[in-house]
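Just upload_30.cif here, mmCIF, C-alpha atoms:
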```cif
data_my_file
loop_
_atom_site.label_atom_id
_atom_site.label_comp_id
_atom_site.auth_asym_id
_atom_site.auth_seq_id
_atom_site.Cartn_x
_atom_site.Cartn_y
_atom_site.Cartn_z
CA MET G 7 240.93 -39.82 26.72
CA THR G 8 240.94 -40.41 22.95
CA THR G 9 240.87 -44.21 22.90
CA THR G 10 238.41 -46.20 24.96
CA HIS G 11 239.97 -48.25 27.74
CA PRO G 12 238.52 -51.79 27.79
CA THR G 13 237.35 -51.18 31.38
CA ILE G 14 234.97 -48.50 30.14
CA THR G 15 233.43 -50.99 27.73
CA LEU G 16 233.30 -53.60 30.48
CA ILE G 17 231.44 -51.22 32.82
CA GLU G 18 229.01 -50.29 30.07
CA GLN G 19 228.34 -53.90 29.11
CA ARG G 20 228.06 -55.53 32.55
CA ILE G 21 224.70 -57.13 33.23
CA SER G 22 223.20 -58.75 36.30
CA ALA G 23 222.83 -62.31 35.05
CA ASN G 24 219.91 -64.40 36.16
CA ARG G 25 220.59 -67.45 34.01
CA PHE G 26 223.76 -69.47 34.37
CA ASP G 27 225.10 -72.61 32.71
CA ALA G 28 224.45 -75.15 35.48
CA SER G 29 227.04 -77.55 34.03
CA HIS G 30 229.88 -75.05 34.40
CA ARG G 31 232.32 -75.39 37.30
CA LEU G 32 235.15 -73.19 38.50
CA ALA G 33 238.36 -74.65 39.86
CA ASP G 34 239.21 -73.58 43.40
CA ALA G 35 242.27 -71.80 42.01
CA GLU G 36 239.97 -69.68 39.81
CA ILE G 37 237.80 -68.86 42.81
CA GLU G 38 240.92 -67.86 44.75
CA ARG G 39 241.94 -65.59 41.90
CA LEU G 40 238.55 -63.86 41.99
CA VAL G 41 238.76 -63.23 45.73
CA GLN G 42 242.36 -62.09 45.48
CA LEU G 43 241.20 -59.47 42.98
CA ALA G 44 238.16 -58.53 45.08
CA THR G 45 240.45 -57.75 48.00
CA ARG G 46 242.26 -55.14 45.90
CA ALA G 47 239.27 -52.89 46.63
CA PRO G 48 240.03 -50.04 49.01
CA THR G 49 238.87 -49.92 52.62
CA ALA G 50 238.94 -47.14 55.19
CA TYR G 51 242.28 -47.20 57.04
CA ASN G 52 243.10 -50.33 54.98
CA LEU G 53 240.90 -52.24 57.43
CA GLN G 54 240.12 -55.03 54.96
CA ASN G 55 237.18 -55.84 57.19
CA TRP G 56 235.71 -58.56 54.99
CA ARG G 57 235.41 -62.29 54.57
CA PHE G 58 234.30 -64.38 51.61
CA ILE G 59 232.63 -67.77 51.70
CA ALA G 60 232.76 -69.45 48.29
CA VAL G 61 229.74 -71.73 48.16
CA ARG G 62 230.36 -74.19 45.33
CA THR G 63 229.38 -77.72 46.39
CA PRO G 64 225.82 -78.91 45.61
CA VAL G 65 225.09 -79.51 49.29
CA ALA G 66 226.27 -76.07 50.41
CA LYS G 67 224.48 -74.38 47.50
CA ALA G 68 221.20 -76.05 48.49
CA ARG G 69 221.71 -74.78 52.05
CA LEU G 70 222.31 -71.26 50.78
CA ARG G 71 219.39 -71.29 48.34
CA ALA G 72 217.07 -72.22 51.23
CA VAL G 73 217.93 -68.90 52.95
CA ALA G 74 218.10 -66.87 49.72
CA GLN G 75 214.48 -66.74 48.66
CA ASP G 76 214.82 -69.99 46.74
CA GLN G 77 216.60 -68.23 43.87
CA ALA G 78 217.74 -70.80 41.31
CA LYS G 79 220.89 -68.94 40.32
CA VAL G 80 222.42 -69.69 43.72
CA GLN G 81 222.61 -73.32 42.59
CA GLU G 82 223.01 -72.86 38.86
CA ALA G 83 226.01 -70.53 38.93
CA ALA G 84 229.40 -72.16 39.46
CA VAL G 85 229.90 -70.36 42.75
CA CYS G 86 227.90 -68.09 45.01
CA PHE G 87 230.01 -65.90 47.28
CA ILE G 88 228.72 -64.78 50.65
CA VAL G 89 230.49 -61.43 50.98
CA CYS G 90 230.67 -60.44 54.63
CA GLY G 91 231.63 -57.14 56.13
CA VAL G 92 233.27 -57.36 59.54
CA LEU G 93 232.50 -55.02 62.44
CA ALA G 94 235.96 -53.55 62.91
CA ASP G 95 237.81 -52.98 66.14
CA ALA G 96 240.97 -51.06 67.03
CA GLN G 97 243.00 -54.24 67.48
CA SER G 98 242.42 -55.46 63.95
CA LEU G 99 243.26 -52.02 62.55
CA ALA G 100 246.61 -52.01 64.34
CA GLU G 101 247.35 -55.42 62.81
CA ARG G 102 246.43 -54.22 59.31
CA LEU G 103 248.66 -51.14 59.46
CA GLN G 104 251.73 -52.98 60.77
CA PRO G 105 252.90 -54.44 57.41
CA PHE G 106 252.83 -50.95 55.88
CA VAL G 107 254.82 -49.59 58.82
CA ASP G 108 257.25 -52.52 58.56
CA ALA G 109 257.70 -51.86 54.82
CA GLY G 110 258.86 -48.34 55.64
CA PHE G 111 255.97 -46.46 54.04
CA MET G 112 254.03 -45.40 57.10
CA PRO G 113 255.80 -43.80 60.08
CA VAL G 114 254.87 -45.29 63.45
CA GLY G 115 253.45 -41.96 64.60
CA MET G 116 251.15 -41.81 61.59
CA ALA G 117 249.83 -45.29 62.30
CA GLN G 118 249.05 -44.19 65.85
CA GLY G 119 247.25 -41.13 64.47
CA TRP G 120 245.15 -43.31 62.17
CA LEU G 121 244.24 -45.50 65.14
CA GLN G 122 243.06 -42.50 67.13
CA ALA G 123 241.05 -41.19 64.18
CA ALA G 124 239.46 -44.60 63.70
CA ARG G 125 238.49 -44.81 67.37
CA ARG G 126 236.71 -41.47 67.04
CA GLN G 127 235.08 -42.40 63.76
CA TYR G 128 233.81 -45.77 64.99
CA ALA G 129 232.46 -44.60 68.33
CA SER G 130 228.89 -45.52 67.37
CA ALA G 131 227.59 -48.97 66.49
CA GLN G 132 225.93 -47.53 63.38
CA ALA G 133 229.23 -46.14 62.09
CA VAL G 134 230.86 -49.54 62.59
CA ARG G 135 228.06 -51.30 60.74
CA ASP G 136 228.16 -48.72 57.93
CA GLU G 137 231.87 -49.43 57.40
CA ALA G 138 231.19 -53.15 57.19
CA LEU G 139 228.54 -52.47 54.54
CA ARG G 140 230.87 -50.17 52.59
CA SER G 141 233.93 -52.41 52.60
CA ALA G 142 232.00 -55.52 51.58
CA SER G 143 230.17 -53.65 48.82
CA LEU G 144 233.39 -52.19 47.40
CA ALA G 145 234.84 -55.71 47.33
CA ALA G 146 231.67 -57.14 45.77
CA MET G 147 231.78 -54.60 42.94
CA THR G 148 235.45 -55.31 42.30
CA LEU G 149 234.67 -59.03 42.30
CA MET G 150 231.96 -58.50 39.66
CA HIS G 151 234.28 -56.46 37.44
CA ALA G 152 237.03 -59.07 37.86
CA ALA G 153 234.63 -61.87 36.97
CA GLN G 154 233.60 -60.09 33.80
CA ALA G 155 237.23 -59.50 32.85
CA LEU G 156 237.76 -63.26 33.21
CA GLY G 157 234.88 -63.93 30.83
CA LEU G 158 232.35 -64.78 33.51
CA ALA G 159 228.91 -63.42 34.35
CA SER G 160 227.80 -62.35 37.81
CA CYS G 161 224.86 -61.17 39.82
CA GLY G 162 224.83 -59.29 43.10
CA MET G 163 221.96 -60.27 45.38
CA THR G 164 220.61 -58.66 48.51
CA GLY G 165 217.44 -60.72 48.80
CA PHE G 166 218.38 -63.22 51.49
CA ASP G 167 217.70 -63.94 55.13
CA ALA G 168 220.75 -62.53 56.92
CA GLU G 169 220.11 -64.48 60.13
CA GLY G 170 219.55 -67.64 58.16
CA VAL G 171 222.80 -67.18 56.24
CA ALA G 172 224.68 -66.46 59.46
CA ALA G 173 223.29 -69.55 61.18
CA SER G 174 223.67 -71.83 58.18
CA PHE G 175 227.28 -70.91 57.47
CA GLY G 176 228.53 -70.32 61.00
CA LEU G 177 229.29 -66.61 60.70
CA ALA G 178 230.92 -64.97 63.70
CA PRO G 179 228.85 -62.40 65.61
CA GLU G 180 230.92 -59.58 64.10
CA GLU G 181 230.38 -60.79 60.51
CA VAL G 182 227.55 -59.15 58.55
CA PRO G 183 226.46 -60.93 55.36
CA VAL G 184 226.27 -57.90 53.06
CA MET G 185 225.75 -59.38 49.60
CA LEU G 186 225.63 -62.63 47.74
CA VAL G 187 227.48 -62.61 44.43
CA THR G 188 226.90 -65.47 42.00
CA VAL G 189 229.61 -66.03 39.39
CA GLY G 190 229.56 -68.46 36.51
CA ARG G 191 229.10 -68.88 32.79
CA ALA G 192 226.05 -67.05 31.44
CA ALA G 193 223.32 -69.16 29.84
CA PRO G 194 221.13 -67.80 27.02
CA GLY G 195 218.14 -65.66 27.90
CA ASN G 196 219.61 -63.00 30.19
CA TRP G 197 218.16 -59.52 30.12
CA PRO G 198 220.21 -56.62 28.78
CA GLN G 199 221.42 -54.01 31.24
CA LYS G 200 218.37 -52.34 32.74
CA PRO G 201 217.63 -48.70 31.85
CA ARG G 202 219.35 -46.05 33.93
CA ARG G 203 217.86 -42.81 35.22
CA PRO G 204 218.72 -39.62 33.30
CA LEU G 205 221.89 -37.99 34.59
CA ALA G 206 220.01 -34.80 35.43
CA GLN G 207 218.12 -36.69 38.15
CA VAL G 208 221.21 -37.93 39.93
CA LEU G 209 224.01 -35.40 39.40
CA GLU G 210 224.39 -31.92 40.89
CA PHE G 211 227.37 -29.62 40.39
CA ALA G 212 228.73 -27.54 43.26
CA MET B 27 241.69 -67.01 30.76
CA THR B 28 244.99 -67.18 28.92
CA THR B 29 245.52 -63.49 28.19
CA THR B 30 245.17 -60.86 30.89
CA HIS B 31 242.24 -58.50 30.41
CA PRO B 32 243.31 -54.88 31.04
CA THR B 33 240.70 -54.63 33.81
CA ILE B 34 242.63 -57.23 35.83
CA THR B 35 245.76 -55.07 35.58
CA LEU B 36 243.71 -52.00 36.45
CA ILE B 37 242.32 -53.65 39.60
CA GLU B 38 245.78 -54.81 40.62
CA GLN B 39 247.35 -51.39 40.06
CA ARG B 40 244.68 -49.13 41.59
CA ILE B 41 245.92 -47.05 44.49
CA SER B 42 244.17 -44.71 46.89
CA ALA B 43 245.83 -41.43 45.97
CA ASN B 44 246.54 -38.84 48.61
CA ARG B 45 248.41 -36.35 46.43
CA PHE B 46 246.78 -34.68 43.45
CA ASP B 47 247.92 -32.09 40.93
CA ALA B 48 246.14 -29.00 42.27
CA SER B 49 246.41 -27.23 38.91
CA HIS B 50 244.42 -29.91 37.10
CA ARG B 51 240.75 -29.32 36.28
CA LEU B 52 238.10 -31.56 34.78
CA ALA B 53 235.52 -30.25 32.35
CA ASP B 54 231.93 -30.71 33.46
CA ALA B 55 231.45 -33.06 30.50
CA GLU B 56 234.22 -35.28 31.87
CA ILE B 57 232.57 -35.25 35.29
CA GLU B 58 229.27 -36.21 33.69
CA ARG B 59 230.99 -39.10 31.91
CA LEU B 60 232.37 -40.37 35.22
CA VAL B 61 228.95 -40.29 36.89
CA GLN B 62 227.30 -41.87 33.87
CA LEU B 63 229.72 -44.76 34.23
CA ALA B 64 229.26 -44.94 38.01
CA THR B 65 225.53 -45.41 37.52
CA ARG B 66 226.17 -48.55 35.49
CA ALA B 67 226.73 -50.25 38.86
CA PRO B 68 223.98 -52.68 39.82
CA THR B 69 221.39 -51.96 42.52
CA ALA B 70 218.82 -54.18 44.17
CA TYR B 71 215.60 -54.15 42.12
CA ASN B 72 217.34 -51.59 39.86
CA LEU B 73 216.51 -49.01 42.53
CA GLN B 74 219.35 -46.67 41.52
CA ASN B 75 218.93 -45.12 44.95
CA TRP B 76 221.84 -42.74 44.69
CA ARG B 77 222.79 -39.14 44.04
CA PHE B 78 226.14 -37.54 43.24
CA ILE B 79 227.26 -34.04 44.08
CA ALA B 80 230.34 -33.05 42.07
CA VAL B 81 232.18 -30.51 44.20
CA ARG B 82 234.60 -28.72 41.88
CA THR B 83 234.57 -24.97 42.54
CA PRO B 84 237.10 -23.56 45.03
CA VAL B 85 234.34 -22.19 47.25
CA ALA B 86 232.40 -25.45 47.40
CA LYS B 87 235.60 -27.45 47.94
CA ALA B 88 236.52 -25.26 50.91
CA ARG B 89 233.06 -25.89 52.37
CA LEU B 90 233.47 -29.63 51.94
CA ARG B 91 236.99 -29.72 53.33
CA ALA B 92 235.72 -28.01 56.49
CA VAL B 93 233.45 -31.01 57.18
CA ALA B 94 235.93 -33.63 55.94
CA GLN B 95 238.60 -33.54 58.63
CA ASP B 96 240.46 -30.79 56.81
CA GLN B 97 241.89 -33.24 54.28
CA ALA B 98 243.83 -31.36 51.63
CA LYS B 99 242.97 -33.73 48.78
CA VAL B 100 239.37 -32.52 48.90
CA GLN B 101 240.66 -29.21 47.52
CA GLU B 102 243.65 -30.42 45.54
CA ALA B 103 241.85 -33.03 43.42
CA ALA B 104 239.95 -31.71 40.41
CA VAL B 105 236.65 -32.91 41.83
CA CYS B 106 235.40 -34.45 45.05
CA PHE B 107 232.15 -36.41 44.68
CA ILE B 108 229.73 -36.70 47.55
CA VAL B 109 228.22 -40.10 46.83
CA CYS B 110 224.84 -40.38 48.53
CA GLY B 111 222.68 -43.43 49.03
CA VAL B 112 218.97 -42.74 49.14
CA LEU B 113 216.56 -44.38 51.58
CA ALA B 114 214.30 -46.11 49.08
CA ASP B 115 210.51 -46.25 49.09
CA ALA B 116 207.99 -48.30 47.13
CA GLN B 117 206.99 -45.34 44.96
CA SER B 118 210.48 -44.78 43.60
CA LEU B 119 210.89 -48.50 42.91
CA ALA B 120 207.70 -48.54 40.81
CA GLU B 121 209.05 -45.59 38.81
CA ARG B 122 212.42 -47.33 38.24
CA LEU B 123 210.84 -50.55 36.95
CA GLN B 124 208.41 -48.86 34.56
CA PRO B 125 210.93 -48.22 31.72
CA PHE B 126 211.90 -51.90 31.75
CA VAL B 127 208.23 -52.88 31.64
CA ASP B 128 207.61 -50.37 28.84
CA ALA B 129 210.55 -51.78 26.87
CA GLY B 130 208.88 -55.18 26.93
CA PHE B 131 211.46 -57.00 29.04
CA MET B 132 209.62 -57.22 32.33
CA PRO B 133 206.00 -58.42 32.46
CA VAL B 134 203.70 -56.21 34.54
CA GLY B 135 203.01 -59.07 36.95
CA MET B 136 206.72 -59.54 37.58
CA ALA B 137 207.15 -55.86 38.39
CA GLN B 138 204.33 -56.17 40.91
CA GLY B 139 206.05 -59.20 42.41
CA TRP B 140 209.31 -57.26 42.76
CA LEU B 141 207.43 -54.46 44.50
CA GLN B 142 205.93 -56.88 47.00
CA ALA B 143 209.32 -58.49 47.63
CA ALA B 144 210.91 -55.07 48.15
CA ARG B 145 208.21 -54.07 50.63
CA ARG B 146 208.96 -57.18 52.66
CA GLN B 147 212.73 -56.70 52.38
CA TYR B 148 212.67 -53.05 53.40
CA ALA B 149 210.27 -53.39 56.32
CA SER B 150 212.95 -52.28 58.80
CA ALA B 151 214.75 -48.94 58.86
CA GLN B 152 218.09 -50.76 59.14
CA ALA B 153 217.44 -52.73 55.95
CA VAL B 154 216.60 -49.51 54.12
CA ARG B 155 219.77 -47.84 55.35
CA ASP B 156 221.86 -50.89 54.48
CA GLU B 157 220.58 -50.73 50.90
CA ALA B 158 221.54 -47.06 50.65
CA LEU B 159 225.04 -47.93 51.87
CA ARG B 160 225.34 -50.81 49.41
CA SER B 161 224.11 -48.98 46.32
CA ALA B 162 226.28 -45.92 46.92
CA SER B 163 229.34 -48.07 47.59
CA LEU B 164 228.85 -50.14 44.43
CA ALA B 165 228.60 -46.89 42.47
CA ALA B 166 231.66 -45.42 44.21
CA MET B 167 233.77 -48.46 43.31
CA THR B 168 232.62 -48.30 39.70
CA LEU B 169 233.44 -44.59 39.67
CA MET B 170 236.97 -45.29 40.90
CA HIS B 171 237.53 -47.98 38.25
CA ALA B 172 236.13 -45.67 35.57
CA ALA B 173 238.39 -42.83 36.69
CA GLN B 174 241.44 -45.06 36.47
CA ALA B 175 240.43 -46.23 33.00
CA LEU B 176 240.29 -42.56 32.00
CA GLY B 177 243.84 -42.04 33.25
CA LEU B 178 242.83 -40.40 36.52
CA ALA B 179 243.63 -41.17 40.16
CA SER B 180 241.04 -41.43 42.91
CA CYS B 181 240.59 -41.85 46.62
CA GLY B 182 237.54 -43.05 48.50
CA MET B 183 237.08 -41.33 51.86
CA THR B 184 234.83 -42.16 54.78
CA GLY B 185 236.34 -39.71 57.27
CA PHE B 186 233.84 -36.87 57.21
CA ASP B 187 231.10 -35.40 59.35
CA ALA B 188 227.91 -36.78 57.79
CA GLU B 189 225.66 -34.20 59.44
CA GLY B 190 227.98 -31.41 58.41
CA VAL B 191 228.02 -32.61 54.81
CA ALA B 192 224.23 -32.91 54.79
CA ALA B 193 223.78 -29.40 56.18
CA SER B 194 226.45 -27.81 54.05
CA PHE B 195 225.22 -29.26 50.77
CA GLY B 196 221.48 -29.30 51.41
CA LEU B 197 220.95 -33.04 51.34
CA ALA B 198 217.36 -34.25 51.62
CA PRO B 199 216.41 -36.15 54.79
CA GLU B 200 216.40 -39.44 52.84
CA GLU B 201 219.91 -38.89 51.42
CA VAL B 202 222.80 -40.54 53.28
CA PRO B 203 226.30 -39.29 52.43
CA VAL B 204 228.05 -42.67 52.11
CA MET B 205 231.46 -41.83 50.70
CA LEU B 206 233.51 -39.00 49.31
CA VAL B 207 235.48 -39.86 46.18
CA THR B 208 238.19 -37.48 45.02
CA VAL B 209 239.21 -37.73 41.36
CA GLY B 210 242.01 -35.91 39.60
CA ARG B 211 245.49 -36.18 38.20
CA ALA B 212 247.94 -37.85 40.57
CA ALA B 213 250.90 -35.79 41.81
CA PRO B 214 254.24 -37.41 42.66
CA GLY B 215 254.69 -39.00 46.08
CA ASN B 216 251.71 -41.31 46.37
CA TRP B 217 252.07 -44.56 48.25
CA PRO B 218 251.89 -47.86 46.43
CA GLN B 219 248.89 -50.08 47.01
CA LYS B 220 248.86 -51.07 50.66
CA PRO B 221 249.57 -54.70 51.60
CA ARG B 222 246.64 -57.09 51.56
CA ARG B 223 245.88 -59.83 54.09
CA PRO B 224 246.75 -63.40 53.07
CA LEU B 225 243.90 -65.10 51.22
CA ALA B 226 243.73 -67.84 53.84
CA GLN B 227 242.52 -65.27 56.38
CA VAL B 228 239.61 -64.06 54.29
CA LEU B 229 238.43 -66.96 52.10
CA GLU B 230 236.54 -70.10 53.12
CA PHE B 231 235.28 -72.78 50.77
CA ALA B 232 231.90 -74.41 51.30
#
```

Starting from the file, give its structure as structure tokens.
Amino acid sequence: MTTTHPTITLIEQRISANRFDASHRLADAEIERLVQLATRAPTAYNLQNWRFIAVRTPVAKARLRAVAQDQAKVQEAAVCFIVCGVLADAQSLAERLQPFVDAGFMPVGMAQGWLQAARRQYASAQAVRDEALRSASLAAMTLMHAAQALGLASCGMTGFDAEGVAASFGLAPEEVPVMLVTVGRAAPGNWPQKPRRPLAQVLEFA
Amino acid sequence: MTTTHPTITLIEQRISANRFDASHRLADAEIERLVQLATRAPTAYNLQNWRFIAVRTPVAKARLRAVAQDQAKVQEAAVCFIVCGVLADAQSLAERLQPFVDAGFMPVGMAQGWLQAARRQYASAQAVRDEALRSASLAAMTLMHAAQALGLASCGMTGFDAEGVAASFGLAPEEVPVMLVTVGRAAPGNWPQKPRRPLAQVLEFA
């Protein structure tokens, strides 16, 4: 731990951007790269219970802004991702584990054990929703770090009308819009990183 | 975007470790550094509605393992963090914004506007819980990236008895244990990163 890894610097310097260069566009291939990196985030049982809608045309951005408290950055940033968590079911988990079984890493019996554990864990609707929130948030954070590593600014947003987003973008009943993440080129005038609470208020040793 | 930022490689190479070097310890200062970095994650309204319990003594680890499906990595990793999201209230938000007002970045009127918006947004218990899940998950992901940048392995875990964790570690009623994150030195025998779903299944352009 003698030299500083660039990721440490990146974490320390990340800001939530509010001002974006409205003339900047991202190619669809760049957007694909961002989502590919976001999906490297971990999920419970490798569920990958997420979906990403990359809102990048003027018409779609206007539709999203209308259900996102009229926040200008939805339109000004090159892309605004709707990051959805998906309410998971046993069938989708079995599908997700199969490639790892096929690749010879996970024995069939272990995959069956994971399925049983997941059925127990997701017996309540709240537990299922919680997992959708977790997975989508882990992906959103990875997406923001990836964006910064690619020289882009980002902002996570939770101020939106979930029902409006679902209706306006045709989400399936099992898809929960968890966060919006704008990504683009920062314009001048953004705030620095906001102050953080002292460590003593948030950390306990046991 | 011509050269690859080390964070891109880090994201692509991160694995969820199951095997840790049980002889490896982290100094409390190293644990503090990890949490300091985790709290650089963004939160809605800069709420910072989180708390971290660093479980690193043998006795405390045994207590945690007993409510975490008897998973060995809870004890074998140098530290297992209980990452809690906190059910936020208007009072704590006002306290969080004050340093940014005092520093001259945020006008008083804007802070009042944020407070009003937060009151509207968090009118339902589900919305408050969702925000606790989101904030803690964003911090957990940042913690895992930070750990990797410091040469350590990690594993996020959602398989635990939330009530048992709360009782065993004296969580306050407003604290939700969202994830466990083990951090330590990887031992041989970990799996590679598990296969990811094809992008076409998880990305839509709008």

(Q) I need the chain G residues near chain B as a ChimeraX atom specification; criterion: at most 7 Å, counting all atoms listed in the file. (A) /G:7,11-14,17-18,42-43,46,50,56-63,66,105-106,136,139-140,143-144,147,152,155-156,163-164,200-201,205,208-212

Q.
Quick check, in Å to one decimal: how far apart do atom CA of B:Val127 and atom CA of B:Gln142 lie?
A.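 For atom CA of B:Val127 relative to atom CA of B:Gln142, the distance reads 16.0 Å.
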
Take every atom of stretch 122-125 of chain G listed in the file, pad by 6 Å on each side, and give me the axis-aligned box centre and edge lengths in Å, one decimal, as AutoDock Vina command-line options.
```
--center_x 240.8 --center_y -43.0 --center_z 65.5 --size_x 16.6 --size_y 15.6 --size_z 15.7
```

Q. Quick one: distance from atom CA of G:Ala28 to atom CA of G:Ala74 in Å, one decimal?
A.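 Computing the Euclidean distance for atom CA of G:Ala28 and atom CA of G:Ala74 yields 17.7 Å.
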
Q) When distances are computed from all atoms listed in the file, which of G:Gln77, G:Thr188, G:Gln97, G:Asn196 shows the smallest separation from G:Gln118? A) G:Gln97

Q: Work out how far atom CA of B:Ala114 is from atom CA of B:Leu141, in Å to one decimal.
A: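 Between these atoms lies a distance of 11.7 Å.
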
Q: Identify all residues satisfying the PyMOL selection byres ((chain G and resi 95) around 9) in the given file; provide them as a ChimeraX atom specification.
A: /G:93-94,96-99,124-125,128,134

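Counting only C-alpha atoms and comparing B:Ala92, B:Ala213, B:His50, B:Ala153, the residue that lies closest to G:Ala168 is B:Ala153.
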
Q: For the structure provided, state which residues fall under the PyMOL selection byres ((chain B and resi 49) around 9), and present them as a PyMOL selection string.
A: chain B and resi 46-48+50-51+102-104

Because some atoms of stretch 104-121 of chain G are absent here, can you restore N, CA and C atoms and send them as a tab-separated table (two decimals), keeping the file's coordinate frame?
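Listing of part31.tsv after writing:
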```tsv
chain	number	residue	atom	x	y	z
G	104	GLN	N	250.36	-52.60	60.45
G	104	GLN	CA	251.73	-52.98	60.77
G	104	GLN	C	252.58	-53.33	59.55
G	105	PRO	N	252.05	-54.11	58.58
G	105	PRO	CA	252.90	-54.44	57.41
G	105	PRO	C	253.34	-53.19	56.63
G	106	PHE	N	252.50	-52.18	56.62
G	106	PHE	CA	252.83	-50.95	55.88
G	106	PHE	C	253.86	-50.13	56.66
G	107	VAL	N	253.79	-50.21	57.98
G	107	VAL	CA	254.82	-49.59	58.82
G	107	VAL	C	256.13	-50.35	58.63
G	108	ASP	N	256.05	-51.68	58.70
G	108	ASP	CA	257.25	-52.52	58.56
G	108	ASP	C	257.94	-52.29	57.21
G	109	ALA	N	257.14	-52.04	56.17
G	109	ALA	CA	257.70	-51.86	54.82
G	109	ALA	C	258.32	-50.47	54.65
G	110	GLY	N	258.19	-49.64	55.68
G	110	GLY	CA	258.86	-48.34	55.64
G	110	GLY	C	258.04	-47.23	55.00
G	111	PHE	N	256.78	-47.51	54.67
G	111	PHE	CA	255.97	-46.46	54.04
G	111	PHE	C	255.31	-45.56	55.08
G	112	MET	N	254.80	-46.16	56.13
G	112	MET	CA	254.03	-45.40	57.10
G	112	MET	C	254.83	-45.25	58.40
G	113	PRO	N	255.11	-44.00	58.80
G	113	PRO	CA	255.80	-43.80	60.08
G	113	PRO	C	254.93	-44.31	61.23
G	114	VAL	N	255.59	-44.75	62.29
G	114	VAL	CA	254.87	-45.29	63.45
G	114	VAL	C	253.88	-44.26	64.00
G	115	GLY	N	254.32	-43.01	64.06
G	115	GLY	CA	253.45	-41.96	64.60
G	115	GLY	C	252.19	-41.78	63.77
G	116	MET	N	252.33	-41.94	62.46
G	116	MET	CA	251.15	-41.81	61.59
G	116	MET	C	250.17	-42.95	61.84
G	117	ALA	N	250.70	-44.15	62.02
G	117	ALA	CA	249.83	-45.29	62.30
G	117	ALA	C	249.06	-45.05	63.60
G	118	GLN	N	249.74	-44.48	64.59
G	118	GLN	CA	249.05	-44.19	65.85
G	118	GLN	C	247.96	-43.13	65.65
G	119	GLY	N	248.25	-42.15	64.78
G	119	GLY	CA	247.25	-41.13	64.47
G	119	GLY	C	246.02	-41.72	63.78
G	120	TRP	N	246.27	-42.64	62.86
G	120	TRP	CA	245.15	-43.31	62.17
G	120	TRP	C	244.29	-44.08	63.19
G	121	LEU	N	244.97	-44.73	64.12
G	121	LEU	CA	244.24	-45.50	65.14
G	121	LEU	C	243.34	-44.59	65.97
```
